[in-house]
file model.txt (compact mmCIF, C-alpha atoms)
# COMPACT_ATOMS: atom_id res chain seq x y z
CA MET A 1 22.71 72.69 81.66
CA ALA A 2 19.96 70.06 81.79
CA THR A 3 20.67 66.51 82.87
CA PRO A 4 18.21 63.60 82.69
CA ALA A 5 16.02 62.87 85.70
CA ALA A 6 17.30 59.31 85.32
CA VAL A 7 19.33 57.37 82.76
CA LEU A 8 18.30 53.84 81.84
CA PHE A 9 20.91 51.58 80.25
CA ASP A 10 20.40 48.46 78.22
CA PHE A 11 23.09 45.85 78.97
CA ASP A 12 24.10 43.67 76.02
CA GLY A 13 25.38 45.74 73.13
CA VAL A 14 25.44 48.95 75.20
CA ILE A 15 27.55 48.36 78.30
CA VAL A 16 29.20 45.11 77.24
CA ASP A 17 30.21 43.59 73.92
CA SER A 18 28.34 40.33 74.42
CA GLU A 19 25.93 39.87 71.51
CA ARG A 20 28.22 37.53 69.60
CA LEU A 21 28.65 35.41 72.73
CA HIS A 22 24.86 35.23 73.14
CA HIS A 23 24.64 34.12 69.51
CA GLU A 24 27.38 31.53 69.97
CA THR A 25 25.86 30.01 73.10
CA MET A 26 22.36 29.91 71.56
CA VAL A 27 23.75 28.01 68.58
CA GLU A 28 25.62 25.64 70.89
CA THR A 29 22.47 25.07 72.96
CA MET A 30 20.47 24.16 69.84
CA ALA A 31 23.09 21.46 69.15
CA GLY A 32 22.57 21.42 65.41
CA GLN A 33 18.78 21.10 65.60
CA GLY A 34 16.99 23.05 62.89
CA PRO A 35 18.41 25.31 60.19
CA ALA A 36 21.77 26.97 60.64
CA THR A 37 21.65 30.21 62.62
CA PRO A 38 24.32 32.54 61.24
CA TRP A 39 25.19 35.85 62.87
CA GLU A 40 23.12 37.72 60.28
CA PHE A 41 19.96 35.83 61.27
CA TYR A 42 20.64 36.46 64.95
CA ARG A 43 21.27 40.17 64.38
CA GLU A 44 18.17 40.68 62.26
CA ASN A 45 15.70 38.44 64.11
CA LEU A 46 16.86 37.61 67.63
CA MET A 47 18.99 40.47 68.91
CA GLY A 48 16.90 42.51 71.32
CA LEU A 49 14.70 39.58 72.37
CA ASP A 50 15.19 37.90 75.71
CA ASP A 51 16.11 34.21 75.77
CA ARG A 52 12.45 33.19 76.04
CA GLY A 53 11.60 34.92 72.80
CA ALA A 54 14.77 33.86 71.01
CA PHE A 55 14.43 30.17 71.85
CA ALA A 56 10.74 30.22 70.91
CA VAL A 57 11.84 31.34 67.43
CA LEU A 58 14.71 28.84 67.19
CA LEU A 59 12.64 25.90 68.39
CA LYS A 60 9.84 26.66 65.92
CA ARG A 61 12.43 26.84 63.11
CA ALA A 62 13.67 23.42 64.22
CA GLY A 63 10.16 21.93 64.23
CA ILE A 64 10.21 21.56 68.02
CA GLU A 65 7.22 22.65 70.09
CA PRO A 66 8.39 25.62 72.23
CA THR A 67 6.65 24.47 75.39
CA PRO A 68 7.44 26.40 78.57
CA GLU A 69 9.37 23.40 79.87
CA GLU A 70 11.45 23.09 76.69
CA VAL A 71 12.19 26.81 76.60
CA ARG A 72 13.25 26.77 80.27
CA ARG A 73 15.54 23.82 79.61
CA ARG A 74 17.26 25.59 76.73
CA ILE A 75 17.58 28.82 78.72
CA ALA A 76 19.20 26.97 81.63
CA ARG A 77 21.71 25.26 79.32
CA LYS A 78 22.59 28.52 77.57
CA ALA A 79 23.03 30.23 80.95
CA GLU A 80 25.56 27.57 81.94
CA LEU A 81 27.52 28.07 78.74
CA PHE A 82 27.36 31.86 78.94
CA ALA A 83 28.57 31.83 82.57
CA GLN A 84 31.54 29.66 81.63
CA HIS A 85 32.60 32.02 78.86
CA ALA A 86 31.95 35.12 80.98
CA ALA A 87 34.18 33.72 83.73
CA ALA A 88 36.89 33.35 81.11
CA GLY A 89 36.73 37.09 80.40
CA ARG A 90 34.76 37.00 77.19
CA VAL A 91 32.32 39.80 78.14
CA PRO A 92 34.35 43.04 77.85
CA ALA A 93 32.90 46.48 78.38
CA PHE A 94 32.66 48.83 75.42
CA PRO A 95 35.10 51.76 75.53
CA GLY A 96 33.66 54.57 77.63
CA ALA A 97 30.69 52.56 78.92
CA VAL A 98 31.93 52.15 82.49
CA ASP A 99 32.92 55.83 82.71
CA LEU A 100 29.48 56.93 81.45
CA VAL A 101 27.64 54.69 83.92
CA ARG A 102 29.67 56.16 86.76
CA ALA A 103 29.18 59.74 85.54
CA CYS A 104 25.42 59.23 85.25
CA ALA A 105 25.25 57.66 88.71
CA ALA A 106 27.07 60.68 90.14
CA ALA A 107 24.53 63.00 88.51
CA GLY A 108 21.31 61.15 89.35
CA PRO A 109 19.53 57.79 89.49
CA VAL A 110 20.55 55.11 87.00
CA GLY A 111 18.54 52.06 86.00
CA LEU A 112 19.23 48.94 83.97
CA CYS A 113 16.63 47.50 81.58
CA SER A 114 17.86 44.25 80.07
CA GLY A 115 16.35 41.21 78.43
CA ALA A 116 19.21 39.12 79.82
CA LEU A 117 18.94 36.90 82.86
CA ARG A 118 20.02 38.42 86.15
CA SER A 119 22.55 35.60 86.43
CA ASP A 120 24.12 36.85 83.19
CA VAL A 121 24.13 40.48 84.30
CA ASP A 122 25.14 40.63 87.96
CA PRO A 123 28.54 38.89 87.78
CA VAL A 124 29.62 41.08 84.86
CA LEU A 125 28.56 44.32 86.56
CA ALA A 126 30.43 43.20 89.69
CA ALA A 127 33.55 42.42 87.67
CA LEU A 128 33.38 45.88 86.08
CA ASP A 129 32.91 47.42 89.56
CA ILE A 130 29.74 49.27 88.58
CA ALA A 131 27.06 47.11 90.24
CA ASP A 132 26.44 49.76 92.90
CA CYS A 133 25.85 52.43 90.24
CA PHE A 134 22.39 51.02 89.43
CA ALA A 135 19.58 52.09 91.74
CA GLU A 136 17.24 49.65 89.98
CA LYS A 137 17.73 46.67 87.67
CA VAL A 138 14.98 45.09 85.60
CA THR A 139 15.94 41.83 83.89
CA ALA A 140 14.12 39.07 82.05
CA GLU A 141 12.77 37.48 85.22
CA ASP A 142 11.00 40.69 86.28
CA VAL A 143 8.56 41.11 83.39
CA PRO A 144 6.19 38.78 81.53
CA ALA A 145 7.18 39.95 78.03
CA SER A 146 10.49 40.89 76.46
CA LYS A 147 11.37 43.91 74.38
CA PRO A 148 9.85 45.37 72.19
CA ASP A 149 7.15 45.24 74.88
CA PRO A 150 7.61 48.36 77.05
CA ALA A 151 7.04 46.51 80.35
CA CYS A 152 10.67 46.56 81.46
CA TYR A 153 11.08 50.32 80.96
CA ARG A 154 7.74 51.10 82.57
CA LEU A 155 8.66 49.03 85.60
CA CYS A 156 12.12 50.56 85.93
CA VAL A 157 10.81 54.13 85.73
CA ALA A 158 8.07 53.35 88.27
CA ARG A 159 10.58 51.87 90.70
CA LEU A 160 12.97 54.79 90.33
CA ALA A 161 10.16 57.33 90.75
CA ALA A 162 9.05 55.61 93.96
CA LYS A 163 12.60 55.43 95.30
CA PHE A 164 13.47 59.04 94.41
CA PRO A 165 10.20 61.01 94.78
CA ASP A 166 11.93 64.40 94.70
CA ARG A 167 13.73 63.84 91.39
CA GLY A 168 10.77 64.44 89.10
CA ILE A 169 11.27 61.08 87.42
CA ALA A 170 8.79 60.65 84.57
CA PRO A 171 9.36 58.85 81.26
CA ALA A 172 9.75 62.02 79.17
CA ALA A 173 12.39 63.39 81.56
CA CYS A 174 14.57 60.27 81.34
CA VAL A 175 16.94 58.97 78.67
CA ALA A 176 17.29 55.34 77.57
CA ILE A 177 20.45 54.07 75.89
CA GLU A 178 19.79 51.24 73.43
CA ASP A 179 21.37 49.41 70.50
CA THR A 180 18.51 47.50 68.83
CA GLY A 181 15.22 48.23 67.15
CA ASP A 182 13.34 46.17 69.73
CA GLY A 183 15.04 48.04 72.55
CA ILE A 184 14.23 51.41 71.02
CA ALA A 185 10.59 50.36 70.52
CA SER A 186 10.41 49.20 74.14
CA ALA A 187 11.72 52.49 75.55
CA ARG A 188 9.65 54.63 73.21
CA GLY A 189 6.56 52.58 74.06
CA ALA A 190 7.14 53.60 77.66
CA GLY A 191 7.44 57.25 76.62
CA ILE A 192 11.22 57.51 77.06
CA PRO A 193 13.45 59.24 74.47
CA VAL A 194 16.32 57.09 73.24
CA VAL A 195 19.95 57.72 72.43
CA ALA A 196 21.14 54.72 70.40
CA VAL A 197 24.71 53.50 70.11
CA GLU A 198 25.97 52.09 66.82
CA THR A 199 27.58 48.91 68.17
CA ASN A 200 25.81 46.26 66.09
CA LEU A 201 23.34 48.06 63.82
CA SER A 202 23.77 50.99 61.46
CA ALA A 203 22.81 54.54 62.33
CA ALA A 204 20.18 54.49 59.57
CA VAL A 205 18.48 51.41 61.07
CA LEU A 206 18.57 52.88 64.57
CA ARG A 207 17.14 56.21 63.45
CA ALA A 208 14.42 54.44 61.48
CA ALA A 209 13.51 52.54 64.66
CA GLY A 210 12.86 55.84 66.40
CA ALA A 211 16.05 56.86 68.19
CA ALA A 212 16.19 60.57 68.97
CA ALA A 213 19.92 60.48 68.27
CA VAL A 214 22.59 57.95 67.33
CA VAL A 215 26.21 57.94 68.51
CA GLU A 216 29.09 55.79 67.29
CA ARG A 217 30.39 55.17 70.83
CA LEU A 218 29.72 56.06 74.44
CA ALA A 219 33.24 57.30 75.10
CA GLY A 220 33.24 61.03 75.82
CA LEU A 221 29.52 61.32 76.56
CA THR A 222 28.23 63.03 79.71
CA PRO A 223 24.78 63.16 81.35
CA ALA A 224 24.32 66.70 80.02
CA ARG A 225 25.24 65.60 76.51
CA LEU A 226 22.74 62.72 76.73
CA ALA A 227 20.04 65.20 77.70
CA ALA A 228 20.89 67.43 74.76
CA LEU A 229 20.95 64.53 72.30
CA ALA A 230 17.56 63.32 73.57
CA GLY A 231 16.08 66.80 73.31
CA LEU A 232 15.54 67.23 77.05
CA ALA A 233 17.36 70.56 77.14
CA ARG A 234 14.71 71.93 74.82
CA THR A 235 11.76 70.69 76.87
CA PRO A 236 9.90 73.69 78.38
CA GLY A 237 10.34 73.84 82.13
CA PHE A 238 12.95 71.07 82.21
CA THR A 239 16.08 72.08 84.13

call {"tool": "encode", "arguments": {"input": "model.txt", "output": "structure tokens"}}
result
Amino acid sequence: MATPAAVLFDFDGVIVDSERLHHETMVETMAGQGPATPWEFYRENLMGLDDRGAFAVLLKRAGIEPTPEEVRRRIARKAELFAQHAAAGRVPAFPGAVDLVRACAAAGPVGLCSGALRSDVDPVLAALDIADCFAEKVTAEDVPASKPDPACYRLCVARLAAKFPDRGIAPAACVAIEDTGDGIASARGAGIPVVAVETNLSAAVLRAAGAAAVVERLAGLTPARLAALAGLARTPGFT
């Protein structure tokens, strides 16, 4: 049965249940400046962006010029707050996520494509004991533009292909796992089929964004099942 040449995971909303904490710490960082930012606004307008993109939106809404210096200052403050909450155990893994990461790593190369800061990602992966499962990690610092730009997925696939030249790693032979419209657009823009997980958005929204398949949860999935959901098993010559 076919398995992906590589599996590329998003982080927030796929491996860990952290989107509401990102929302909370963004609101705290804005300190009441600008209009209120309820969860619905975050989910519909900010989820899937990296902190650079999100704070650019929030600062403009508040009538504050989103200069690079101002955006960096807000990102640094949010990172402090997020780290404090993460250390208190407020970034749990979704059921089945850790098992799927490990199963994929046992079957072939695994990458991480996240709009989060590396300082947000690395301690959580270490705490979950899956840091070594990822052959490559691309985070916000590695690319000039956030999702939906495809830069992060293109970079991750290129790095994996260079590191594993005998694996036949090309975008169409990989699978990305995403949970947002921007994430799906990013992966698809890089030529990678997407299996979306229904953690924060509805299946209808995720399918409309271009996911090849939508699952309610990661629990019970295998690399072979991901390949089938993404249509890789039906690709001529793909084994």

call {"tool": "closest_residue", "arguments": {"input": "model.txt", "among": "A:Ala196, A:Ala211, A:Leu8, A:Ile15", "to": "Pro95 of chain A", "atoms": "all atoms listed in the file"}}
result
A:Ile15

call {"tool": "atom_distance", "arguments": {"input": "model.txt", "atom1": "atom CA of Glu28 of chain A", "atom2": "atom CA of Ala151 of chain A"}}
result
29.5 Å

call {"tool": "residues_around", "arguments": {"input": "model.txt", "residues": "Met26 of chain A", "least_positions_apart": "2", "cutoff": "12 Å", "atoms": "only C-alpha atoms", "output": "ChimeraX atom specification"}}
result
/A:19-24,28-33,36-39,42,46-47,50-59,71,74-82

call {"tool": "residues_around", "arguments": {"input": "model.txt", "residues": "Val175 of chain A", "least_positions_apart": "2", "cutoff": "9 Å", "atoms": "all atoms listed in the file", "output": "PyMOL selection string"}}
result
chain A and resi 4-9+171-173+177+187+192-195+226-227+230+232

call {"tool": "closest_residue", "arguments": {"input": "model.txt", "among": "A:Asp182, A:Gly189, A:Ser146, A:Val110", "to": "Leu201 of chain A", "atoms": "all atoms listed in the file"}}
result
A:Asp182

call {"tool": "closest_residue", "arguments": {"input": "model.txt", "among": "A:Val14, A:Ala208, A:Ala145, A:Leu218", "to": "Pro92 of chain A", "atoms": "all atoms listed in the file"}}
result
A:Val14

call {"tool": "closest_residue", "arguments": {"input": "model.txt", "among": "A:Asp17, A:Glu40, A:Asp120, A:Glu178", "to": "Ala140 of chain A", "atoms": "all atoms listed in the file"}}
result
A:Asp120

call {"tool": "atom_distance", "arguments": {"input": "model.txt", "atom1": "atom CA of Ala224 of chain A", "atom2": "atom CA of Ile169 of chain A"}}
result
16.0 Å

call {"tool": "atom_distance", "arguments": {"input": "model.txt", "atom1": "atom CA of Ala87 of chain A", "atom2": "atom CA of Pro123 of chain A"}}
result
8.7 Å

call {"tool": "residues_around", "arguments": {"input": "model.txt", "residues": "Leu128 of chain A", "least_positions_apart": "4", "cutoff": "10 Å", "atoms": "all atoms listed in the file", "output": "list in words"}}
result
Val16, Pro92, Ala93, Val98, Asp122, Pro123 and Val124 of chain A

call {"tool": "build_atoms", "arguments": {"input": "model.txt", "residues": "segment 28-46 of chain A", "atoms": "N, CA, C and O atoms", "output": "PDB file, in the coordinates of the input"}}
result
ATOM      1  N   GLU A  28      25.118  26.829  70.206  1.00  0.00           N
ATOM      2  CA  GLU A  28      25.620  25.640  70.890  1.00  0.00           C
ATOM      3  C   GLU A  28      24.499  24.923  71.631  1.00  0.00           C
ATOM      4  O   GLU A  28      24.440  23.687  71.652  1.00  0.00           O
ATOM      5  N   THR A  29      23.589  25.676  72.230  1.00  0.00           N
ATOM      6  CA  THR A  29      22.470  25.070  72.960  1.00  0.00           C
ATOM      7  C   THR A  29      21.526  24.332  72.018  1.00  0.00           C
ATOM      8  O   THR A  29      20.959  23.293  72.379  1.00  0.00           O
ATOM      9  N   MET A  30      21.347  24.842  70.807  1.00  0.00           N
ATOM     10  CA  MET A  30      20.470  24.160  69.840  1.00  0.00           C
ATOM     11  C   MET A  30      21.095  22.886  69.302  1.00  0.00           C
ATOM     12  O   MET A  30      20.391  22.025  68.749  1.00  0.00           O
ATOM     13  N   ALA A  31      22.397  22.729  69.457  1.00  0.00           N
ATOM     14  CA  ALA A  31      23.090  21.460  69.150  1.00  0.00           C
ATOM     15  C   ALA A  31      22.798  20.937  67.750  1.00  0.00           C
ATOM     16  O   ALA A  31      22.574  19.743  67.556  1.00  0.00           O
ATOM     17  N   GLY A  32      22.758  21.846  66.792  1.00  0.00           N
ATOM     18  CA  GLY A  32      22.570  21.420  65.410  1.00  0.00           C
ATOM     19  C   GLY A  32      21.129  21.147  65.025  1.00  0.00           C
ATOM     20  O   GLY A  32      20.857  20.747  63.880  1.00  0.00           O
ATOM     21  N   GLN A  33      20.193  21.333  65.913  1.00  0.00           N
ATOM     22  CA  GLN A  33      18.780  21.100  65.600  1.00  0.00           C
ATOM     23  C   GLN A  33      18.233  22.283  64.806  1.00  0.00           C
ATOM     24  O   GLN A  33      18.389  23.434  65.204  1.00  0.00           O
ATOM     25  N   GLY A  34      17.575  21.989  63.698  1.00  0.00           N
ATOM     26  CA  GLY A  34      16.990  23.050  62.890  1.00  0.00           C
ATOM     27  C   GLY A  34      17.984  23.646  61.904  1.00  0.00           C
ATOM     28  O   GLY A  34      19.144  23.226  61.817  1.00  0.00           O
ATOM     29  N   PRO A  35      17.531  24.659  61.157  1.00  0.00           N
ATOM     30  CA  PRO A  35      18.410  25.310  60.190  1.00  0.00           C
ATOM     31  C   PRO A  35      19.580  26.000  60.875  1.00  0.00           C
ATOM     32  O   PRO A  35      19.532  26.301  62.072  1.00  0.00           O
ATOM     33  N   ALA A  36      20.626  26.236  60.108  1.00  0.00           N
ATOM     34  CA  ALA A  36      21.770  26.970  60.640  1.00  0.00           C
ATOM     35  C   ALA A  36      21.324  28.367  61.080  1.00  0.00           C
ATOM     36  O   ALA A  36      20.387  28.952  60.520  1.00  0.00           O
ATOM     37  N   THR A  37      21.989  28.886  62.089  1.00  0.00           N
ATOM     38  CA  THR A  37      21.650  30.210  62.620  1.00  0.00           C
ATOM     39  C   THR A  37      22.890  31.096  62.536  1.00  0.00           C
ATOM     40  O   THR A  37      23.635  31.243  63.510  1.00  0.00           O
ATOM     41  N   PRO A  38      23.148  31.666  61.374  1.00  0.00           N
ATOM     42  CA  PRO A  38      24.320  32.540  61.240  1.00  0.00           C
ATOM     43  C   PRO A  38      24.130  33.845  62.003  1.00  0.00           C
ATOM     44  O   PRO A  38      23.018  34.195  62.424  1.00  0.00           O
ATOM     45  N   TRP A  39      25.218  34.573  62.166  1.00  0.00           N
ATOM     46  CA  TRP A  39      25.190  35.850  62.870  1.00  0.00           C
ATOM     47  C   TRP A  39      24.173  36.796  62.256  1.00  0.00           C
ATOM     48  O   TRP A  39      23.465  37.502  62.981  1.00  0.00           O
ATOM     49  N   GLU A  40      24.047  36.802  60.938  1.00  0.00           N
ATOM     50  CA  GLU A  40      23.120  37.720  60.280  1.00  0.00           C
ATOM     51  C   GLU A  40      21.682  37.451  60.696  1.00  0.00           C
ATOM     52  O   GLU A  40      20.903  38.378  60.905  1.00  0.00           O
ATOM     53  N   PHE A  41      21.315  36.166  60.827  1.00  0.00           N
ATOM     54  CA  PHE A  41      19.960  35.830  61.270  1.00  0.00           C
ATOM     55  C   PHE A  41      19.753  36.288  62.708  1.00  0.00           C
ATOM     56  O   PHE A  41      18.702  36.866  63.045  1.00  0.00           O
ATOM     57  N   TYR A  42      20.739  36.028  63.561  1.00  0.00           N
ATOM     58  CA  TYR A  42      20.640  36.460  64.950  1.00  0.00           C
ATOM     59  C   TYR A  42      20.470  37.970  65.029  1.00  0.00           C
ATOM     60  O   TYR A  42      19.584  38.472  65.729  1.00  0.00           O
ATOM     61  N   ARG A  43      21.302  38.700  64.306  1.00  0.00           N
ATOM     62  CA  ARG A  43      21.270  40.170  64.380  1.00  0.00           C
ATOM     63  C   ARG A  43      19.944  40.721  63.899  1.00  0.00           C
ATOM     64  O   ARG A  43      19.396  41.654  64.497  1.00  0.00           O
ATOM     65  N   GLU A  44      19.388  40.133  62.850  1.00  0.00           N
ATOM     66  CA  GLU A  44      18.170  40.680  62.260  1.00  0.00           C
ATOM     67  C   GLU A  44      16.891  40.189  62.933  1.00  0.00           C
ATOM     68  O   GLU A  44      15.854  40.873  62.881  1.00  0.00           O
ATOM     69  N   ASN A  45      16.937  39.028  63.588  1.00  0.00           N
ATOM     70  CA  ASN A  45      15.700  38.440  64.110  1.00  0.00           C
ATOM     71  C   ASN A  45      15.673  38.169  65.610  1.00  0.00           C
ATOM     72  O   ASN A  45      14.581  38.085  66.186  1.00  0.00           O
ATOM     73  N   LEU A  46      16.823  38.018  66.233  1.00  0.00           N
ATOM     74  CA  LEU A  46      16.860  37.610  67.630  1.00  0.00           C
ATOM     75  C   LEU A  46      17.444  38.658  68.565  1.00  0.00           C
ATOM     76  O   LEU A  46      17.088  38.706  69.746  1.00  0.00           O
TER      77      LEU A  46
END
